[in-house]
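In what follows, a structure is listed as structure tokens, so that the remarks can point back to it.
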Amino acid sequence: MAEKQPFMKKKDLLIVAIVLAVAALGTAAVHFLSPKQSTDFAVIYVGSEVYQIVDLNEDQVIEVDQGNGTVNHVKVENGAIDMADSSCPDQQCVYQGEMSMENYEKRILRNWIVCLPNQVTIELALAEE
């Protein structure tokens, strides 16, 4: 009667263990070394087109220049966004003030800042959307 061979030899088990360890290390490296995505962001629109997606954790001033003398400046500071100034005549967009994750529920337009004359809008991206 022939002797029964083991299902896997020690060498085979070692190869499987090494492959699994390399896969686990690769997965951990991708998870820990990949850049983290911010969940606090806003979208600036000109008309119905996306002009720019803005990280609210990065202080900056964005110039929305439509090339015809129509200019808006959007300011991001300390996790809040607002229309700093605009070439529109009535400045209602500027008077709407800062918008952030902490205050949008108390605002009249909630998660929007709107400049109707220049057709520039800012939408605060909410997690549930």
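Residue numbers start at 1 in each chain; chains themselves are named A, B, ... in the order of the structure tokens; ligands are numbered from 1 in the order shown.
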Practice item. Would you please give, as a ChimeraX atom specification, all residues of range 23-105 of chain A that DSSP assigns to helix (DSSP H, G or I) based on the backbone? Key: /A:23-33,92-95,104-105
Exercise for review: Compile the contact shell of range 73-79 of chain A as a list in words: residues with an atom at most 10 Å away, counting only C-alpha atoms, same-chain residues fewer than 3 positions apart removed.
Suggested key: Asp40, Phe41, Ala42, Ile44, Val54, Asp55, Leu56, Asn57, Glu58, Asp59, Gln60, Val61, Ile62, Glu63, Val64, Asp65, Asp82, Met83, Ala84, Asp85, Ser86, Ser87, Val94, Glu98, Met99, Ser100, Met101, Glu102 and Ile122 of chain A
Let's have the selection written as a PDB file, in the first residue's frame, with C-alpha atoms.
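That gives us selection15.pdb:
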```pdb
ATOM      1  CA  ASP A  40     -15.438  69.319   4.929  1.00  0.00           C
ATOM      2  CA  PHE A  41     -15.694  70.823   1.483  1.00  0.00           C
ATOM      3  CA  ALA A  42     -17.746  73.203  -0.593  1.00  0.00           C
ATOM      4  CA  ILE A  44     -18.361  76.749  -6.168  1.00  0.00           C
ATOM      5  CA  VAL A  54     -12.824  73.696  -2.100  1.00  0.00           C
ATOM      6  CA  ASP A  55     -11.314  72.048   0.985  1.00  0.00           C
ATOM      7  CA  LEU A  56     -12.578  73.978   4.025  1.00  0.00           C
ATOM      8  CA  ASN A  57      -9.533  72.919   6.027  1.00  0.00           C
ATOM      9  CA  GLU A  58      -7.185  74.865   3.724  1.00  0.00           C
ATOM     10  CA  ASP A  59      -7.233  78.653   4.216  1.00  0.00           C
ATOM     11  CA  GLN A  60      -7.297  80.389   0.842  1.00  0.00           C
ATOM     12  CA  VAL A  61      -8.869  83.074  -1.321  1.00  0.00           C
ATOM     13  CA  ILE A  62     -10.328  81.956  -4.637  1.00  0.00           C
ATOM     14  CA  GLU A  63     -10.892  84.421  -7.449  1.00  0.00           C
ATOM     15  CA  VAL A  64     -13.878  83.515  -9.600  1.00  0.00           C
ATOM     16  CA  ASP A  65     -13.148  85.619 -12.688  1.00  0.00           C
ATOM     17  CA  ASP A  82     -17.811  83.241   2.589  1.00  0.00           C
ATOM     18  CA  MET A  83     -18.110  85.594  -0.355  1.00  0.00           C
ATOM     19  CA  ALA A  84     -15.423  88.150   0.522  1.00  0.00           C
ATOM     20  CA  ASP A  85     -16.355  90.562  -2.267  1.00  0.00           C
ATOM     21  CA  SER A  86     -18.165  90.672  -5.562  1.00  0.00           C
ATOM     22  CA  SER A  87     -18.536  92.901  -8.597  1.00  0.00           C
ATOM     23  CA  VAL A  94     -21.281  89.342   0.755  1.00  0.00           C
ATOM     24  CA  GLU A  98     -19.658  82.938   6.726  1.00  0.00           C
ATOM     25  CA  MET A  99     -20.938  79.417   6.282  1.00  0.00           C
ATOM     26  CA  SER A 100     -19.486  76.381   8.060  1.00  0.00           C
ATOM     27  CA  MET A 101     -20.446  72.931   9.251  1.00  0.00           C
ATOM     28  CA  GLU A 102     -21.131  74.467  12.658  1.00  0.00           C
ATOM     29  CA  ILE A 122     -21.392  78.138  -3.127  1.00  0.00           C
TER      30      ILE A 122
END
```
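Interatomic distance, CA of Cys88 in chain A to CA of Asn118 in chain A: 6.4 Å.
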Exercise for review: Using CA of Pro89 in chain A and CA of Tyr51 in chain A as the two end points, give the distance in Å to one decimal.
Suggested key: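 Taking CA of Pro89 in chain A as the start and CA of Tyr51 in chain A as the end point, the length is 21.8 Å.
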Exercise for review: Can you check which residues of range 77-113 of chain A DSSP gives as strand (DSSP E) on the backbone and send them as a VMD selection string?
Suggested key: chain A and resid 77 80 to 86 99 to 100 112 to 113
Any chance you can output those residues with all heavy atoms as a PDB file, in the first residue's frame?
```pdb
ATOM      1  N   GLU A  77     -11.469  80.287   5.547  1.00  0.00           N
ATOM      2  CA  GLU A  77     -10.622  80.528   6.710  1.00  0.00           C
ATOM      3  C   GLU A  77     -11.201  79.828   7.922  1.00  0.00           C
ATOM      4  O   GLU A  77     -12.404  79.951   8.202  1.00  0.00           O
ATOM      5  CB  GLU A  77     -10.517  82.030   6.968  1.00  0.00           C
ATOM      6  CG  GLU A  77      -9.491  82.425   8.000  1.00  0.00           C
ATOM      7  CD  GLU A  77      -9.322  83.931   8.063  1.00  0.00           C
ATOM      8  OE1 GLU A  77     -10.312  84.635   8.375  1.00  0.00           O
ATOM      9  OE2 GLU A  77      -8.212  84.393   7.796  1.00  0.00           O
ATOM     10  N   ALA A  80     -14.457  77.830   7.597  1.00  0.00           N
ATOM     11  CA  ALA A  80     -15.656  78.548   7.134  1.00  0.00           C
ATOM     12  C   ALA A  80     -15.384  79.135   5.753  1.00  0.00           C
ATOM     13  O   ALA A  80     -14.243  79.397   5.381  1.00  0.00           O
ATOM     14  CB  ALA A  80     -16.029  79.647   8.114  1.00  0.00           C
ATOM     15  N   ILE A  81     -16.455  79.355   4.999  1.00  0.00           N
ATOM     16  CA  ILE A  81     -16.344  79.923   3.660  1.00  0.00           C
ATOM     17  C   ILE A  81     -17.314  81.076   3.544  1.00  0.00           C
ATOM     18  O   ILE A  81     -18.406  81.049   4.124  1.00  0.00           O
ATOM     19  CB  ILE A  81     -16.612  78.825   2.591  1.00  0.00           C
ATOM     20  CG1 ILE A  81     -16.278  79.328   1.184  1.00  0.00           C
ATOM     21  CG2 ILE A  81     -18.032  78.299   2.680  1.00  0.00           C
ATOM     22  CD1 ILE A  81     -16.192  78.199   0.160  1.00  0.00           C
ATOM     23  N   ASP A  82     -16.904  82.122   2.833  1.00  0.00           N
ATOM     24  CA  ASP A  82     -17.811  83.241   2.589  1.00  0.00           C
ATOM     25  C   ASP A  82     -17.428  83.952   1.307  1.00  0.00           C
ATOM     26  O   ASP A  82     -16.349  83.754   0.753  1.00  0.00           O
ATOM     27  CB  ASP A  82     -17.866  84.204   3.771  1.00  0.00           C
ATOM     28  CG  ASP A  82     -16.615  85.045   3.936  1.00  0.00           C
ATOM     29  OD1 ASP A  82     -15.518  84.533   3.672  1.00  0.00           O
ATOM     30  OD2 ASP A  82     -16.739  86.205   4.331  1.00  0.00           O
ATOM     31  N   MET A  83     -18.360  84.766   0.814  1.00  0.00           N
ATOM     32  CA  MET A  83     -18.110  85.594  -0.355  1.00  0.00           C
ATOM     33  C   MET A  83     -17.466  86.867   0.174  1.00  0.00           C
ATOM     34  O   MET A  83     -18.129  87.708   0.779  1.00  0.00           O
ATOM     35  CB  MET A  83     -19.424  85.896  -1.083  1.00  0.00           C
ATOM     36  CG  MET A  83     -19.254  86.466  -2.452  1.00  0.00           C
ATOM     37  SD  MET A  83     -18.771  85.227  -3.684  1.00  0.00           S
ATOM     38  CE  MET A  83     -20.257  84.249  -3.822  1.00  0.00           C
ATOM     39  N   ALA A  84     -16.165  87.009  -0.020  1.00  0.00           N
ATOM     40  CA  ALA A  84     -15.423  88.150   0.522  1.00  0.00           C
ATOM     41  C   ALA A  84     -15.807  89.443  -0.187  1.00  0.00           C
ATOM     42  O   ALA A  84     -15.994  90.474   0.460  1.00  0.00           O
ATOM     43  CB  ALA A  84     -13.928  87.905   0.418  1.00  0.00           C
ATOM     44  N   ASP A  85     -15.898  89.397  -1.502  1.00  0.00           N
ATOM     45  CA  ASP A  85     -16.355  90.562  -2.267  1.00  0.00           C
ATOM     46  C   ASP A  85     -16.839  90.107  -3.625  1.00  0.00           C
ATOM     47  O   ASP A  85     -16.587  88.979  -4.051  1.00  0.00           O
ATOM     48  CB  ASP A  85     -15.248  91.630  -2.391  1.00  0.00           C
ATOM     49  CG  ASP A  85     -14.040  91.135  -3.140  1.00  0.00           C
ATOM     50  OD1 ASP A  85     -14.127  90.964  -4.376  1.00  0.00           O
ATOM     51  OD2 ASP A  85     -13.007  90.905  -2.498  1.00  0.00           O
ATOM     52  N   SER A  86     -17.562  91.004  -4.285  1.00  0.00           N
ATOM     53  CA  SER A  86     -18.165  90.672  -5.562  1.00  0.00           C
ATOM     54  C   SER A  86     -18.313  91.931  -6.399  1.00  0.00           C
ATOM     55  O   SER A  86     -18.436  93.034  -5.851  1.00  0.00           O
ATOM     56  CB  SER A  86     -19.542  90.034  -5.336  1.00  0.00           C
ATOM     57  OG  SER A  86     -20.190  89.804  -6.565  1.00  0.00           O
ATOM     58  N   MET A  99     -20.180  80.661   6.232  1.00  0.00           N
ATOM     59  CA  MET A  99     -20.938  79.417   6.282  1.00  0.00           C
ATOM     60  C   MET A  99     -19.951  78.310   6.666  1.00  0.00           C
ATOM     61  O   MET A  99     -18.851  78.224   6.123  1.00  0.00           O
ATOM     62  CB  MET A  99     -21.543  79.150   4.902  1.00  0.00           C
ATOM     63  CG  MET A  99     -22.251  77.852   4.741  1.00  0.00           C
ATOM     64  SD  MET A  99     -23.092  77.720   3.130  1.00  0.00           S
ATOM     65  CE  MET A  99     -21.736  77.869   1.968  1.00  0.00           C
ATOM     66  N   SER A 100     -20.340  77.482   7.623  1.00  0.00           N
ATOM     67  CA  SER A 100     -19.486  76.381   8.060  1.00  0.00           C
ATOM     68  C   SER A 100     -20.358  75.204   8.462  1.00  0.00           C
ATOM     69  O   SER A 100     -21.582  75.311   8.547  1.00  0.00           O
ATOM     70  CB  SER A 100     -18.609  76.816   9.235  1.00  0.00           C
ATOM     71  OG  SER A 100     -19.406  77.027  10.381  1.00  0.00           O
ATOM     72  N   TRP A 112     -26.063  77.248   1.487  1.00  0.00           N
ATOM     73  CA  TRP A 112     -25.834  77.953   0.225  1.00  0.00           C
ATOM     74  C   TRP A 112     -25.460  79.414   0.458  1.00  0.00           C
ATOM     75  O   TRP A 112     -26.009  80.069   1.347  1.00  0.00           O
ATOM     76  CB  TRP A 112     -27.082  77.931  -0.651  1.00  0.00           C
ATOM     77  CG  TRP A 112     -27.377  76.603  -1.256  1.00  0.00           C
ATOM     78  CD1 TRP A 112     -28.165  75.627  -0.720  1.00  0.00           C
ATOM     79  CD2 TRP A 112     -26.894  76.088  -2.483  1.00  0.00           C
ATOM     80  NE1 TRP A 112     -28.193  74.536  -1.542  1.00  0.00           N
ATOM     81  CE2 TRP A 112     -27.433  74.793  -2.644  1.00  0.00           C
ATOM     82  CE3 TRP A 112     -26.059  76.597  -3.479  1.00  0.00           C
ATOM     83  CZ2 TRP A 112     -27.155  74.000  -3.751  1.00  0.00           C
ATOM     84  CZ3 TRP A 112     -25.793  75.799  -4.587  1.00  0.00           C
ATOM     85  CH2 TRP A 112     -26.333  74.517  -4.709  1.00  0.00           C
ATOM     86  N   ILE A 113     -24.567  79.923  -0.379  1.00  0.00           N
ATOM     87  CA  ILE A 113     -24.331  81.356  -0.552  1.00  0.00           C
ATOM     88  C   ILE A 113     -24.598  81.620  -2.028  1.00  0.00           C
ATOM     89  O   ILE A 113     -24.095  80.897  -2.895  1.00  0.00           O
ATOM     90  CB  ILE A 113     -22.885  81.754  -0.183  1.00  0.00           C
ATOM     91  CG1 ILE A 113     -22.640  81.534   1.309  1.00  0.00           C
ATOM     92  CG2 ILE A 113     -22.608  83.200  -0.564  1.00  0.00           C
ATOM     93  CD1 ILE A 113     -21.196  81.775   1.747  1.00  0.00           C
TER      94      ILE A 113
END
```
